[in-house]
file structure.tsv (TSV, C-alpha atoms)
chain	number	residue	atom	x	y	z
A	1483	MET	CA	-5.37	42.44	-21.51
A	1484	VAL	CA	-2.19	44.45	-21.09
A	1485	ARG	CA	0.79	43.24	-23.14
A	1486	GLY	CA	3.74	41.86	-21.21
A	1487	GLN	CA	1.76	40.97	-18.09
A	1488	VAL	CA	0.86	37.29	-18.54
A	1489	PHE	CA	3.30	34.84	-20.12
A	1490	ARG	CA	2.87	31.27	-21.29
A	1491	SER	CA	5.64	28.65	-21.10
A	1492	ALA	CA	6.56	25.00	-21.00
A	1493	GLU	CA	8.27	23.64	-17.88
A	1494	PHE	CA	11.53	25.35	-16.97
A	1495	ALA	CA	13.39	22.83	-14.85
A	1496	LYS	CA	16.69	23.84	-16.45
A	1497	LEU	CA	16.32	27.59	-16.12
A	1498	GLN	CA	19.88	28.92	-16.00
A	1499	ASP	CA	22.38	31.27	-17.60
A	1500	ASP	CA	20.89	33.38	-20.45
A	1501	ASP	CA	17.44	31.89	-19.93
A	1502	ALA	CA	17.49	32.83	-16.24
A	1503	THR	CA	18.60	36.34	-17.19
A	1504	SER	CA	15.76	36.63	-19.73
A	1505	PHE	CA	13.29	35.33	-17.13
A	1506	ALA	CA	14.48	37.86	-14.55
A	1507	ALA	CA	14.15	40.70	-17.09
A	1508	LEU	CA	10.44	39.92	-17.42
A	1509	GLY	CA	9.91	40.83	-13.77
A	1510	ILE	CA	7.73	37.78	-13.13
A	1511	ARG	CA	6.02	38.00	-9.73
A	1512	SER	CA	3.99	34.78	-9.88
A	1513	VAL	CA	4.39	31.37	-11.53
A	1514	TYR	CA	1.31	29.14	-11.94
A	1515	ASP	CA	2.22	25.49	-12.46
A	1516	LEU	CA	-0.61	23.51	-14.09
A	1517	ARG	CA	1.25	20.17	-13.90
A	1518	THR	CA	0.46	17.03	-11.92
A	1519	ASP	CA	2.41	15.83	-8.87
A	1520	GLU	CA	4.19	13.27	-11.06
A	1521	GLU	CA	5.18	15.87	-13.67
A	1522	ARG	CA	6.49	18.25	-11.00
A	1523	ALA	CA	8.50	15.44	-9.36
A	1524	ALA	CA	10.06	14.45	-12.71
A	1525	GLN	CA	11.00	18.03	-13.68
A	1526	ALA	CA	10.97	20.41	-10.73
A	1527	ASN	CA	10.86	24.08	-11.68
A	1528	VAL	CA	13.72	26.42	-10.92
A	1529	VAL	CA	11.79	29.39	-9.56
A	1530	PRO	CA	13.88	32.42	-8.67
A	1531	GLU	CA	13.81	33.58	-5.06
A	1532	GLY	CA	11.02	36.04	-4.34
A	1533	VAL	CA	8.71	34.73	-7.08
A	1534	GLU	CA	5.35	33.42	-5.86
A	1535	TYR	CA	5.02	29.76	-6.92
A	1536	VAL	CA	1.44	28.48	-7.15
A	1537	ILE	CA	0.56	24.86	-7.89
A	1538	VAL	CA	-2.68	24.63	-9.87
A	1539	ASP	CA	-2.97	20.90	-10.65
A	1540	VAL	CA	-5.99	20.98	-12.94
A	1541	LEU	CA	-5.75	17.20	-13.43
A	1542	ALA	CA	-5.64	16.29	-9.72
A	1543	ASP	CA	-9.04	14.58	-9.93
A	1544	HIS	CA	-8.12	12.49	-12.98
A	1545	CYS	CA	-6.41	9.16	-12.38
A	1546	GLY	CA	-3.98	8.42	-15.19
A	1547	ALA	CA	-4.37	11.81	-16.90
A	1548	GLY	CA	-3.53	11.14	-20.57
A	1549	PRO	CA	-1.72	14.33	-21.62
A	1550	ALA	CA	0.30	14.40	-18.40
A	1551	GLN	CA	1.38	10.76	-18.82
A	1552	LEU	CA	2.48	10.94	-22.45
A	1553	LEU	CA	6.25	11.18	-21.88
A	1554	ARG	CA	6.22	8.25	-19.44
A	1555	ILE	CA	4.01	6.13	-21.73
A	1556	LEU	CA	6.21	6.74	-24.78
A	1557	SER	CA	9.34	5.67	-22.88
A	1558	ASP	CA	8.06	2.07	-23.19
A	1559	PRO	CA	7.35	1.47	-26.92
A	1560	GLN	CA	5.68	-1.92	-26.39
A	1561	GLY	CA	3.49	-0.60	-23.57
A	1562	ALA	CA	2.69	2.50	-25.62
A	1563	GLU	CA	1.56	0.35	-28.54
A	1564	GLU	CA	-0.68	-1.73	-26.27
A	1565	MET	CA	-2.18	1.31	-24.60
A	1566	LEU	CA	-2.39	3.70	-27.57
A	1567	GLY	CA	-2.33	1.54	-30.70
A	1568	GLY	CA	-5.26	0.84	-32.99
A	1569	GLY	CA	-6.79	4.29	-32.56
A	1570	LYS	CA	-7.04	4.07	-28.76
A	1571	ALA	CA	-4.89	7.18	-28.37
A	1572	VAL	CA	-7.47	9.40	-30.06
A	1573	THR	CA	-10.21	8.21	-27.73
A	1574	ILE	CA	-8.04	8.54	-24.62
A	1575	PHE	CA	-6.85	12.03	-25.48
A	1576	LYS	CA	-10.26	13.37	-26.54
A	1577	GLY	CA	-11.63	12.25	-23.20
A	1578	SER	CA	-8.68	13.69	-21.29
A	1579	TYR	CA	-8.92	17.04	-23.05
A	1580	ARG	CA	-12.61	17.30	-22.22
A	1581	GLU	CA	-11.98	16.29	-18.62
A	1582	PHE	CA	-9.34	18.88	-17.96
A	1583	LEU	CA	-12.04	21.48	-18.46
A	1584	TYR	CA	-14.76	19.88	-16.36
A	1585	LEU	CA	-13.02	18.03	-13.53
A	1586	PRO	CA	-13.67	19.69	-10.16
A	1587	SER	CA	-9.90	20.22	-9.82
A	1588	ALA	CA	-9.82	21.87	-13.26
A	1589	MET	CA	-12.73	24.19	-12.59
A	1590	ALA	CA	-11.33	25.20	-9.19
A	1591	GLY	CA	-7.77	25.48	-10.52
A	1592	PHE	CA	-8.58	27.56	-13.58
A	1593	ARG	CA	-10.87	29.79	-11.46
A	1594	ARG	CA	-8.00	30.33	-9.02
A	1595	PHE	CA	-5.57	31.09	-11.86
A	1596	PHE	CA	-7.86	33.52	-13.74
A	1597	THR	CA	-8.84	35.30	-10.53
A	1598	ALA	CA	-5.21	35.71	-9.49
A	1599	VAL	CA	-3.85	36.99	-12.83
A	1600	ALA	CA	-6.67	39.53	-12.94
A	1601	GLN	CA	-5.15	41.11	-9.84
A	1602	ARG	CA	-2.28	43.51	-10.42
A	1603	GLU	CA	-0.25	42.27	-7.43
A	1604	HIS	CA	0.20	38.86	-9.12
A	1605	ARG	CA	1.53	40.27	-12.40
A	1606	PRO	CA	3.60	39.94	-14.40
A	1607	ALA	CA	2.73	36.25	-14.18
A	1608	LEU	CA	3.81	33.13	-15.99
A	1609	PHE	CA	1.77	29.95	-16.33
A	1610	HIS	CA	2.80	26.59	-17.71
A	1611	CYS	CA	2.35	22.84	-17.89
A	1612	THR	CA	4.93	20.35	-19.17
A	1613	THR	CA	5.00	21.16	-22.88
A	1614	GLY	CA	3.08	24.44	-22.81
A	1615	LYS	CA	0.44	23.45	-25.33
A	1616	ASP	CA	-2.60	21.63	-23.92
A	1617	ARG	CA	-3.59	22.85	-20.45
A	1618	THR	CA	-1.51	25.96	-20.99
A	1619	GLY	CA	-2.96	26.42	-24.48
A	1620	TRP	CA	-6.50	26.39	-23.15
A	1621	ALA	CA	-5.61	28.80	-20.34
A	1622	SER	CA	-3.91	31.05	-22.89
A	1623	THR	CA	-6.98	31.10	-25.07
A	1624	ARG	CA	-9.25	31.96	-22.17
A	1625	THR	CA	-6.79	34.58	-20.91
A	1626	THR	CA	-6.55	36.38	-24.25
A	1627	CYS	CA	-10.14	35.98	-25.45
A	1628	SER	CA	-13.54	36.80	-24.09
A	1629	PRO	CA	-16.42	34.35	-24.56
A	1630	THR	CA	-17.91	36.69	-27.14
A	1631	THR	CA	-14.77	37.01	-29.30
A	1632	CYS	CA	-13.41	33.43	-29.38
A	1633	SER	CA	-14.78	30.03	-30.16
A	1634	PRO	CA	-13.50	26.81	-28.53
A	1635	THR	CA	-11.48	26.08	-31.69
A	1636	THR	CA	-9.42	29.25	-31.31
A	1637	SER	CA	-6.98	27.42	-29.06
A	1638	CYS	CA	-5.65	25.49	-32.06
A	1639	SER	CA	-3.90	28.61	-33.29
A	1640	LEU	CA	-2.46	29.35	-29.87
A	1641	THR	CA	-1.05	25.96	-28.89
A	1642	ALA	CA	1.98	25.72	-31.13
A	1643	ALA	CA	4.90	25.52	-28.73
A	1644	ASP	CA	8.55	26.12	-29.41
A	1645	ASP	CA	11.42	25.02	-27.20
A	1646	ARG	CA	12.29	28.34	-25.58
A	1647	PRO	CA	11.71	28.25	-21.81
A	1648	VAL	CA	9.82	31.53	-21.61
A	1649	ARG	CA	7.68	33.02	-24.34
A	1650	ARG	CA	4.53	34.98	-24.87
A	1651	ASP	CA	1.87	34.34	-27.48
A	1652	ARG	CA	2.61	36.05	-30.75
A	1653	ARG	CA	0.06	37.95	-32.78
call {"tool": "encode", "arguments": {"input": "structure.tsv", "output": "structure tokens"}}
result
Amino acid sequence: MVRGQVFRSAEFAKLQDDDATSFAALGIRSVYDLRTDEERAAQANVVPEGVEYVIVDVLADHCGAGPAQLLRILSDPQGAEEMLGGGKAVTIFKGSYREFLYLPSAMAGFRRFFTAVAQREHRPALFHCTTGKDRTGWASTRTTCSPTTCSPTTSCSLTAADDRPVRRDRR
């Protein structure tokens, strides 16, 4: 892995001013959006002209994808309590996190992403989901680690997200 070639982010629907300048300075050629149709509709990316924009909806085969629905669910406190209360949230999210690795859309999407960022013509590249921690966290772990050097729990140390629109994993 070459430093400064693959960047991880949360959504960047409000990319403007200093943030847009910082983004441009990275020289990003390709943006890989791991979000669902609903997430993209709610917060459309601002992708600079000339940057390849690739939709990689890893949750396309999951109806009601838990992590992708969290913001909408929490906007209705009573509905959230009914759906997530009494420990239901843990069960829902554990299942969703497993599924986003094994759904056909996830396997095809992550294969497409990893294959593309391995090719020089698609880098520097940026990949993201809505908050930059779950789907993006897993992709970050797999991008920076080989199967022989990382365990599945490694992603815990790589999923802490801050609020800056563009960032790279720190070591």
call {"tool": "closest_residue", "arguments": {"input": "structure.tsv", "among": "A:Gly1567, A:Gly1509, A:Gly1619, A:Pro1606", "to": "Leu1583 of chain A", "atoms": "only C-alpha atoms"}}
result
A:Gly1619
call {"tool": "atom_distance", "arguments": {"input": "structure.tsv", "atom1": "atom CA of Phe1489 of chain A", "atom2": "atom CA of Glu1521 of chain A"}}
result
20.1 Å
call {"tool": "axis_aligned_box", "arguments": {"input": "structure.tsv", "around": "segment 1518-1535 of chain A", "padding_each_side": "5 Å", "output": "JSON"}}
result
{"center_x": 7.2, "center_y": 24.7, "center_z": -9.0, "size_x": 23.4, "size_y": 32.8, "size_z": 19.3}
call {"tool": "atom_distance", "arguments": {"input": "structure.tsv", "atom1": "atom CA of Thr1625 of chain A", "atom2": "atom CA of Ala1495 of chain A"}}
result
24.1 Å
call {"tool": "closest_residue", "arguments": {"input": "structure.tsv", "among": "A:Glu1534, A:Asp1499, A:Glu1564, A:Asp1543", "to": "Asp1519 of chain A", "atoms": "all atoms listed in the file"}}
result
A:Asp1543
call {"tool": "atom_distance", "arguments": {"input": "structure.tsv", "atom1": "atom CA of His1604 of chain A", "atom2": "atom CA of Asp1500 of chain A"}}
result
24.2 Å
call {"tool": "closest_residue", "arguments": {"input": "structure.tsv", "among": "A:Ala1607, A:Ala1600, A:Leu1541, A:Gly1614", "to": "Tyr1579 of chain A", "atoms": "only C-alpha atoms"}}
result
A:Leu1541
call {"tool": "closest_residue", "arguments": {"input": "structure.tsv", "among": "A:Ser1512, A:Ser1504, A:Thr1612, A:Thr1597", "to": "Val1488 of chain A", "atoms": "only C-alpha atoms"}}
result
A:Ser1512
call {"tool": "closest_residue", "arguments": {"input": "structure.tsv", "among": "A:Ile1555, A:Val1572, A:Val1540, A:Val1599", "to": "Ile1510 of chain A", "atoms": "all atoms listed in the file"}}
result
A:Val1599
call {"tool": "closest_residue", "arguments": {"input": "structure.tsv", "among": "A:Leu1608, A:Ala1526, A:Ile1537, A:Leu1585", "to": "Val1513 of chain A", "atoms": "all atoms listed in the file"}}
result
A:Leu1608
call {"tool": "residues_around", "arguments": {"input": "structure.tsv", "residues": "Ala1588 of chain A", "least_positions_apart": "6", "cutoff": "10 Å", "atoms": "all atoms listed in the file", "output": "PyMOL selection string"}}
result
chain A and resi 1516+1538-1544+1581-1582+1594+1617
